[in-house]
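For reference, the structure is listed below as structure tokens.
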Amino acid sequence: MMEKLMTDSLTVWARYYKIDGFRFDLMAHQPKSSILKARKAVQAVDSDTYFYGEGWNFGEVANNQRFIQASQLELGGTQIGTFTDRLRDAVRGGAFSASGNDIRKSQGIGSGLGTLPNELVNKIKSKNDYLLSADQLRIGLAGNLANFPLRNAQNENVTGKDIPYGDQPTGYALDPADTINYVSKHDNQTLWDNNQYRLPYDTSTKDRVRIHLQSLAFPIFAQGIPFLHMGSEFLRSKSFLRDSYDYGDWFNKVDFTKQTNNYNVGLPPADKDQENWPLIKKLLAKNEGRDRVSSSDIEFSAEVFKEFISLRVSSPLFRLTSNAEIIKRVKFHNTGKEQQIGLIVMSIDDSKKSHQLDANISGIVVIFNTSTTAKVINFKGAGRYQLHPMQSNGVDTIVKQSSGNESSFSVPALTTSVFIKKR
């Protein structure tokens with residue numbers, strides 16, 4: 001009867017309210033067969049609908065104990081999207097349920113792992129964590145595909161499903177529509193707050209803003225479907241509140257006038273975050289105001305964010321629609337044992353004369369430099385690429401320093417650069 005209630009409700013909303021997509025909380029607590037049946041019913045009303053949700057494998061239904069779940073590992077190939085914690089944790093750091101110093105220890109590639117260690121991080125362990133996270137992130141950028149080939153940090157040729165994520169595979173998708181890439185949403189702290197927990201105290205305000213934008217760039221330029229938390233472009237804060245449900249505008253406010261990001265409006269309520277109060281007080285003191293942004297910082301972030309969105313929309317190469325197309329066209333450089341730390345390099349090829357997808361460009365190279373220094377990466381024929389006009393004519397003066405010659409690309413610190421090769 002629950003399945004019937006759910007299916008009947010969905011078809012009513014699709015038919016009479018013209019809702020064309022549905023997001024399911026704790027979707028894996030439903031049988032896979034129920035979700036597929038419900039989608040089929042909705043597609044009879046609106047063929048252009050999309051189902052996605054939380055495919056977490058836990059609780060009394062974990063590992064298909066009661067039925068085949070609508071979970072990450074079971075929905076591959078259905079084109080029903082699941083939020084992927086793989087790219088999320090690789091970028092912002094894991095430990096989503098941790099508190100206090102255990103949060104601070106858990107840096108991600110977007111919050112200093114391997115490049116900006118804070119005072120609690122073990123540098124040897126940090127490098128090993130970085131190498132695994134970098135491989136997980138690359139698979140995430142390739143739509144989290146189970147079968148995507150990659151040379152891992154041990155110089156082994158593996159596929160996405162061979163790279164571990166705890167006791168599960170990193171890659172589980174069989175189609176890019178299976179994957180929802182994100183770095184923050186309504187659950188847990190905002191991206192801004194997560195980063196403040198983890199960044200070294202002496203990180204400048206400008207660098208904190210660039211780090212925030214760098215983290216947003218990963219889901220935006222990844223294959224699959226990007227999911228963006230409202231207000232992320234405005235450096236949105238909830239004053240460190242982990243779960244802001246039912247806490248009103250004091251913590252949940254988004255200032256669309258871009259005057260404030262709502263940071264440090266008071267300690268988060270005790271019932272959610274009392275264990276984090278000592279750390280919050282400590283970092284607010286030791287950051288010495290470097291974590292406070294101005295309206296001009298928010299405006300800059302919003303404009304760069306809009307450029308990222310425009311860049312994604314500008315080419316179908318960022319939005320490949322099949323497993324085969326991604327495997328054929330997407331490639332990662334700077335991989336294996338000798339890789340430079342802090343540099344993720346992704347190319348997308350459209351040079352084949354048959355089946356060209358972009359009429360204007362034959363290739364894209366996206367370089368994510370998460371380190372605090374400029375980086376040079378060897379790349380044959382880099383001189384035939386140019387920085388995308390949206391960046392060379394954009395608001396970020398630092399990205400304009402990106403360049404290429406016949407043998408290499410150069411990218412400034414804490415910068416995501418998009419290079420294109422014209423036909």
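Here, A, B, ... name the chains of the structure tokens in the order displayed, residue numbers run from 1 inside each chain, and ligands are numbered from 1 in the same displayed order.
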*Contact residues around Phe24 (chain A) with only C-alpha atoms at 8 Å, ignoring same-chain residues under 5 positions, as a list of chain:residue names*: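 What passes the distance filter is A:Phe51, A:Tyr52, A:Gly53, A:Glu54.
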May I have the selected residues written with N, CA and C atoms, as a PDB file, in the first residue's frame?
```
ATOM      1  N   PHE A  51      14.147  10.974 -11.951  1.00  0.00           N
ATOM      2  CA  PHE A  51      14.122  10.522 -10.564  1.00  0.00           C
ATOM      3  C   PHE A  51      15.548  10.514 -10.021  1.00  0.00           C
ATOM      4  N   TYR A  52      15.720  11.007  -8.788  1.00  0.00           N
ATOM      5  CA  TYR A  52      17.027  10.892  -8.130  1.00  0.00           C
ATOM      6  C   TYR A  52      16.821  10.953  -6.622  1.00  0.00           C
ATOM      7  N   GLY A  53      17.833  10.533  -5.879  1.00  0.00           N
ATOM      8  CA  GLY A  53      17.678  10.561  -4.433  1.00  0.00           C
ATOM      9  C   GLY A  53      18.879  10.026  -3.686  1.00  0.00           C
ATOM     10  N   GLU A  54      18.672   9.790  -2.404  1.00  0.00           N
ATOM     11  CA  GLU A  54      19.720   9.305  -1.516  1.00  0.00           C
ATOM     12  C   GLU A  54      19.773   7.785  -1.596  1.00  0.00           C
TER      13      GLU A  54
END
```
_Surrounding residues of Asn287 (chain A) excluding itself and chain neighbours under 2 positions, 12 Å, only C-alpha atoms, as a count of residues only_ = 22
_Distance criterion (only C-alpha atoms): nearest to Glu303 (chain A) out of A:Pro226, A:Pro412, A:Gly394, A:Gly55_ =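 Ranked by minimum distance to Glu303 (chain A), first place goes to A:Gly394.
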*Apply DSSP to the structure's backbone, then extract all residues of region 196-333 of chain A labelled strand (DSSP E or B) and return them as a list in words.*
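DSSP on the backbone gives strand (DSSP E or B) at Gln223, Ile225, Pro226, Asp243, Val330, Lys331, Phe332 and His333 of chain A.
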*Closest to Lys380 (chain A) among A:Ser111, A:Asn360, A:Asn405, A:Thr397, using only C-alpha atoms?*
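Among A:Ser111, A:Asn360, A:Asn405, A:Thr397, it is A:Asn405 that comes nearest to Lys380 (chain A).
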*Have a look at A:Lys4, A:His388, A:Lys18, A:Lys161 and name the one nearest to Leu73 (chain A); count only C-alpha atoms.*
A:Lys161
_Shell of 12 Å around Phe22 (chain A), only C-alpha atoms, local chain residues under 2 positions omitted, as number ranges by chain_ = A: 6-7, 9-11, 13-14, 18-20, 24-25, 27, 35, 38-39, 42-43, 48-54, 80-82
